[in-house]
file start.pdb (PDB, C-alpha atoms)
ATOM      1  CA  MET L  85       0.000   0.000   0.000  1.00  0.00           C
ATOM      2  CA  SER L  86       1.473   3.302  -1.024  1.00  0.00           C
ATOM      3  CA  LEU L  87       1.789   6.273   1.263  1.00  0.00           C
ATOM      4  CA  LEU L  88      -0.672   8.215  -0.882  1.00  0.00           C
ATOM      5  CA  HIS L  89      -3.236   5.405  -0.652  1.00  0.00           C
ATOM      6  CA  ARG L  90      -2.899   5.213   3.141  1.00  0.00           C
ATOM      7  CA  ARG L  91      -3.248   8.995   3.413  1.00  0.00           C
ATOM      8  CA  GLN L  92      -6.415   8.910   1.293  1.00  0.00           C
ATOM      9  CA  GLN L  93      -7.900   6.172   3.494  1.00  0.00           C
ATOM     10  CA  THR L  94      -7.104   8.205   6.605  1.00  0.00           C
ATOM     11  CA  MET L  95      -8.699  11.335   5.162  1.00  0.00           C
ATOM     12  CA  ASN L  96     -11.795   9.383   4.080  1.00  0.00           C
ATOM     13  CA  ALA L  97     -12.182   7.923   7.568  1.00  0.00           C
ATOM     14  CA  ALA L  98     -11.759  11.347   9.167  1.00  0.00           C
ATOM     15  CA  ASN L  99     -14.344  12.887   6.846  1.00  0.00           C
ATOM     16  CA  ARG L 100     -16.866  10.136   7.607  1.00  0.00           C
ATOM     17  CA  ALA L 101     -16.303  10.548  11.329  1.00  0.00           C
ATOM     18  CA  ALA L 102     -16.543  14.344  11.284  1.00  0.00           C
ATOM     19  CA  VAL L 103     -19.622  15.672  13.050  1.00  0.00           C
ATOM     20  CA  SER L 104     -21.340  18.586  11.411  1.00  0.00           C
ATOM     21  CA  PRO L 105     -21.235  21.816  13.416  1.00  0.00           C
ATOM     22  CA  ILE L 106     -24.298  22.778  15.424  1.00  0.00           C
ATOM     23  CA  PRO L 107     -26.176  25.610  13.685  1.00  0.00           C
ATOM     24  CA  ALA L 108     -27.398  28.767  15.430  1.00  0.00           C
ATOM     25  CA  TRP L 109     -30.722  28.797  17.286  1.00  0.00           C
ATOM     26  CA  ALA L 110     -32.647  30.312  14.364  1.00  0.00           C
ATOM     27  CA  GLU L 111     -31.498  27.485  12.104  1.00  0.00           C
ATOM     28  CA  LEU L 112     -32.231  24.861  14.768  1.00  0.00           C
ATOM     29  CA  MET L 113     -35.823  26.091  15.004  1.00  0.00           C
ATOM     30  CA  LYS L 114     -36.335  25.251  11.314  1.00  0.00           C
ATOM     31  CA  LEU L 115     -35.693  21.537  11.944  1.00  0.00           C
ATOM     32  CA  ASP L 116     -38.638  19.176  12.205  1.00  0.00           C
ATOM     33  CA  GLU L 117     -38.937  16.509  14.902  1.00  0.00           C
ATOM     34  CA  GLN L 118     -36.974  13.784  13.104  1.00  0.00           C
ATOM     35  CA  GLU L 119     -34.208  16.106  11.939  1.00  0.00           C
ATOM     36  CA  ALA L 120     -33.741  17.594  15.403  1.00  0.00           C
ATOM     37  CA  LEU L 121     -33.551  14.183  17.061  1.00  0.00           C
ATOM     38  CA  ALA L 122     -31.132  12.888  14.405  1.00  0.00           C
ATOM     39  CA  LEU L 123     -28.829  15.900  14.835  1.00  0.00           C
ATOM     40  CA  ALA L 124     -28.943  15.512  18.610  1.00  0.00           C
ATOM     41  CA  LYS L 125     -28.100  11.821  18.329  1.00  0.00           C
ATOM     42  CA  GLN L 126     -25.195  12.660  16.011  1.00  0.00           C
ATOM     43  CA  HIS L 127     -23.818  14.950  18.740  1.00  0.00           C
ATOM     44  CA  GLY L 128     -24.288  12.385  21.503  1.00  0.00           C
ATOM     45  CA  ILE L 129     -27.456  13.855  23.004  1.00  0.00           C
ATOM     46  CA  ALA L 130     -30.211  11.405  23.856  1.00  0.00           C
ATOM     47  CA  GLU L 131     -33.482  13.337  23.960  1.00  0.00           C
ATOM     48  CA  SER L 132     -36.962  12.117  23.110  1.00  0.00           C
ATOM     49  CA  ASP L 133     -38.687  15.321  22.008  1.00  0.00           C
ATOM     50  CA  ARG L 134     -37.858  18.143  19.627  1.00  0.00           C
ATOM     51  CA  MET L 135     -37.615  21.099  22.025  1.00  0.00           C
ATOM     52  CA  ALA L 136     -35.460  19.251  24.550  1.00  0.00           C
ATOM     53  CA  ALA L 137     -33.129  18.190  21.743  1.00  0.00           C
ATOM     54  CA  LEU L 138     -32.934  21.740  20.369  1.00  0.00           C
ATOM     55  CA  GLN L 139     -32.234  23.214  23.799  1.00  0.00           C
ATOM     56  CA  ALA L 140     -29.508  20.648  24.487  1.00  0.00           C
ATOM     57  CA  LEU L 141     -27.926  21.285  21.077  1.00  0.00           C
ATOM     58  CA  ASN L 142     -28.000  25.034  21.631  1.00  0.00           C
ATOM     59  CA  ALA L 143     -26.434  24.671  25.082  1.00  0.00           C
ATOM     60  CA  LYS L 144     -23.701  22.446  23.666  1.00  0.00           C
ATOM     61  CA  ARG L 145     -23.033  24.934  20.842  1.00  0.00           C
ATOM     62  CA  LYS L 146     -22.746  27.822  23.312  1.00  0.00           C
ATOM     63  CA  ALA L 147     -20.442  25.825  25.595  1.00  0.00           C
ATOM     64  CA  SER L 148     -18.094  25.051  22.717  1.00  0.00           C
ATOM     65  CA  GLN L 149     -17.692  28.692  21.690  1.00  0.00           C
TER      66      GLN L 149
END

call {"tool": "encode", "arguments": {"input": "start.pdb", "output": "structure tokens"}}
result
Amino acid sequence: MSLLHRRQQTMNAANRAAVSPIPAWAELMKLDEQEALALAKQHGIAESDRMAALQALNAKRKASQ
């Protein structure tokens, strides 16, 4: 396996593992129930309803700034 091939595999794995950034509150409010819960799950937040998920995502976004 060449160095270039190994580097490409590493970059592909990193890109697949990358978590999308949490959008601002106004953008979060545009998400429907399923989208909000999926985004929360992607960020390691286990909530069962939309508003709780959005509030947890917003708190996490603010804490990371």

call {"tool": "residues_around", "arguments": {"input": "start.pdb", "residues": "Gln149 of chain L", "least_positions_apart": "2", "cutoff": "12 Å", "atoms": "all atoms listed in the file", "output": "PyMOL selection string"}}
result
chain L and resi 105-106+108+142-147

call {"tool": "write_last_selection", "arguments": {"input": "start.pdb", "atoms": "C-alpha atoms", "output": "PDB file, keeping the file's coordinate frame"}}
result
ATOM      1  CA  PRO L 105     -21.235  21.816  13.416  1.00  0.00           C
ATOM      2  CA  ILE L 106     -24.298  22.778  15.424  1.00  0.00           C
ATOM      3  CA  ALA L 108     -27.398  28.767  15.430  1.00  0.00           C
ATOM      4  CA  ASN L 142     -28.000  25.034  21.631  1.00  0.00           C
ATOM      5  CA  ALA L 143     -26.434  24.671  25.082  1.00  0.00           C
ATOM      6  CA  LYS L 144     -23.701  22.446  23.666  1.00  0.00           C
ATOM      7  CA  ARG L 145     -23.033  24.934  20.842  1.00  0.00           C
ATOM      8  CA  LYS L 146     -22.746  27.822  23.312  1.00  0.00           C
ATOM      9  CA  ALA L 147     -20.442  25.825  25.595  1.00  0.00           C
TER      10      ALA L 147
END

call {"tool": "resolve_selection", "arguments": {"input": "start.pdb", "expression": "the PyMOL selection byres ((chain L and resi 137) around 10)", "output": "short mmCIF file (atom, residue, chain, number, x, y, z; two decimals) with C-alpha atoms, keeping the file's coordinate frame"}}
result
data_model
loop_
_atom_site.label_atom_id
_atom_site.label_comp_id
_atom_site.auth_asym_id
_atom_site.auth_seq_id
_atom_site.Cartn_x
_atom_site.Cartn_y
_atom_site.Cartn_z
CA LEU L 112 -32.23 24.86 14.77
CA GLU L 117 -38.94 16.51 14.90
CA ALA L 120 -33.74 17.59 15.40
CA LEU L 121 -33.55 14.18 17.06
CA ALA L 122 -31.13 12.89 14.40
CA LEU L 123 -28.83 15.90 14.84
CA ALA L 124 -28.94 15.51 18.61
CA LYS L 125 -28.10 11.82 18.33
CA ILE L 129 -27.46 13.86 23.00
CA ALA L 130 -30.21 11.40 23.86
CA GLU L 131 -33.48 13.34 23.96
CA SER L 132 -36.96 12.12 23.11
CA ASP L 133 -38.69 15.32 22.01
CA ARG L 134 -37.86 18.14 19.63
CA MET L 135 -37.62 21.10 22.02
CA ALA L 136 -35.46 19.25 24.55
CA LEU L 138 -32.93 21.74 20.37
CA GLN L 139 -32.23 23.21 23.80
CA ALA L 140 -29.51 20.65 24.49
CA LEU L 141 -27.93 21.28 21.08
CA ASN L 142 -28.00 25.03 21.63
CA ALA L 143 -26.43 24.67 25.08
#

call {"tool": "atom_distance", "arguments": {"input": "start.pdb", "atom1": "atom CA of Thr94 of chain L", "atom2": "atom CA of Gln126 of chain L"}}
result
20.9 Å

call {"tool": "atom_distance", "arguments": {"input": "start.pdb", "atom1": "atom CA of Pro107 of chain L", "atom2": "atom CA of Glu119 of chain L"}}
result
12.6 Å

call {"tool": "decode", "arguments": {"input": "start.pdb", "residues": "segment 111-124 of chain L", "atoms": "all heavy atoms", "output": "short mmCIF file (atom, residue, chain, number, x, y, z; two decimals), in the first residue's frame"}}
result
data_model
loop_
_atom_site.label_atom_id
_atom_site.label_comp_id
_atom_site.auth_asym_id
_atom_site.auth_seq_id
_atom_site.Cartn_x
_atom_site.Cartn_y
_atom_site.Cartn_z
N GLU L 111 -31.54 28.62 13.03
CA GLU L 111 -31.50 27.49 12.10
C GLU L 111 -32.01 26.21 12.77
O GLU L 111 -32.65 25.38 12.13
CB GLU L 111 -30.08 27.28 11.58
CG GLU L 111 -29.59 28.41 10.70
CD GLU L 111 -30.44 28.59 9.46
OE1 GLU L 111 -30.78 27.58 8.80
OE2 GLU L 111 -30.77 29.74 9.15
N LEU L 112 -31.73 26.04 14.04
CA LEU L 112 -32.23 24.86 14.77
C LEU L 112 -33.76 24.84 14.79
O LEU L 112 -34.37 23.79 14.67
CB LEU L 112 -31.70 24.84 16.20
CG LEU L 112 -30.23 24.49 16.40
CD1 LEU L 112 -29.83 24.65 17.86
CD2 LEU L 112 -29.93 23.08 15.92
N MET L 113 -34.37 26.01 14.92
CA MET L 113 -35.82 26.09 15.00
C MET L 113 -36.50 25.65 13.70
O MET L 113 -37.67 25.29 13.70
CB MET L 113 -36.27 27.51 15.37
CG MET L 113 -35.90 27.91 16.78
SD MET L 113 -36.57 26.81 18.04
CE MET L 113 -38.31 27.07 17.82
N LYS L 114 -35.78 25.66 12.60
CA LYS L 114 -36.33 25.25 11.31
C LYS L 114 -36.39 23.73 11.15
O LYS L 114 -37.03 23.23 10.24
CB LYS L 114 -35.51 25.84 10.17
CG LYS L 114 -35.58 27.35 10.10
CD LYS L 114 -34.69 27.87 9.00
CE LYS L 114 -34.68 29.38 8.97
NZ LYS L 114 -33.77 29.90 7.94
N LEU L 115 -35.73 22.99 12.05
CA LEU L 115 -35.69 21.54 11.94
C LEU L 115 -37.01 20.93 12.40
O LEU L 115 -37.61 21.40 13.38
CB LEU L 115 -34.56 20.96 12.80
CG LEU L 115 -33.15 21.41 12.46
CD1 LEU L 115 -32.17 20.81 13.47
CD2 LEU L 115 -32.77 21.03 11.05
N ASP L 116 -37.45 19.88 11.73
CA ASP L 116 -38.64 19.18 12.21
C ASP L 116 -38.22 18.17 13.28
O ASP L 116 -37.05 18.08 13.65
CB ASP L 116 -39.40 18.52 11.05
CG ASP L 116 -38.64 17.39 10.38
OD1 ASP L 116 -37.64 16.91 10.94
OD2 ASP L 116 -39.05 16.97 9.29
N GLU L 117 -39.18 17.44 13.80
CA GLU L 117 -38.94 16.51 14.90
C GLU L 117 -37.84 15.50 14.59
O GLU L 117 -36.90 15.32 15.36
CB GLU L 117 -40.24 15.77 15.23
CG GLU L 117 -40.13 14.74 16.35
CD GLU L 117 -40.45 15.31 17.71
OE1 GLU L 117 -41.09 16.37 17.79
OE2 GLU L 117 -40.06 14.70 18.69
N GLN L 118 -37.94 14.83 13.45
CA GLN L 118 -36.97 13.78 13.10
C GLN L 118 -35.59 14.35 12.87
O GLN L 118 -34.59 13.77 13.29
CB GLN L 118 -37.45 13.01 11.88
CG GLN L 118 -38.70 12.21 12.14
CD GLN L 118 -39.28 11.61 10.87
OE1 GLN L 118 -38.92 12.01 9.78
NE2 GLN L 118 -40.18 10.66 11.03
N GLU L 119 -35.50 15.49 12.20
CA GLU L 119 -34.21 16.11 11.94
C GLU L 119 -33.53 16.55 13.22
O GLU L 119 -32.33 16.36 13.41
CB GLU L 119 -34.37 17.32 11.01
CG GLU L 119 -34.80 16.97 9.60
CD GLU L 119 -35.19 18.18 8.80
OE1 GLU L 119 -35.65 19.18 9.38
OE2 GLU L 119 -35.03 18.11 7.57
N ALA L 120 -34.30 17.13 14.13
CA ALA L 120 -33.74 17.59 15.40
C ALA L 120 -33.22 16.42 16.22
O ALA L 120 -32.12 16.49 16.79
CB ALA L 120 -34.80 18.36 16.20
N LEU L 121 -33.98 15.35 16.29
CA LEU L 121 -33.55 14.18 17.06
C LEU L 121 -32.33 13.51 16.42
O LEU L 121 -31.43 13.06 17.13
CB LEU L 121 -34.70 13.19 17.21
CG LEU L 121 -35.89 13.70 18.04
CD1 LEU L 121 -37.00 12.66 18.06
CD2 LEU L 121 -35.47 14.07 19.44
N ALA L 122 -32.28 13.48 15.10
CA ALA L 122 -31.13 12.89 14.40
C ALA L 122 -29.87 13.71 14.65
O ALA L 122 -28.80 13.15 14.90
CB ALA L 122 -31.41 12.77 12.92
N LEU L 123 -29.99 15.04 14.59
CA LEU L 123 -28.83 15.90 14.84
C LEU L 123 -28.36 15.76 16.28
O LEU L 123 -27.16 15.70 16.55
CB LEU L 123 -29.17 17.36 14.51
CG LEU L 123 -28.02 18.36 14.61
CD1 LEU L 123 -26.89 17.99 13.65
CD2 LEU L 123 -28.52 19.76 14.33
N ALA L 124 -29.30 15.69 17.20
CA ALA L 124 -28.94 15.51 18.61
C ALA L 124 -28.22 14.19 18.82
O ALA L 124 -27.20 14.12 19.51
CB ALA L 124 -30.19 15.58 19.49
#
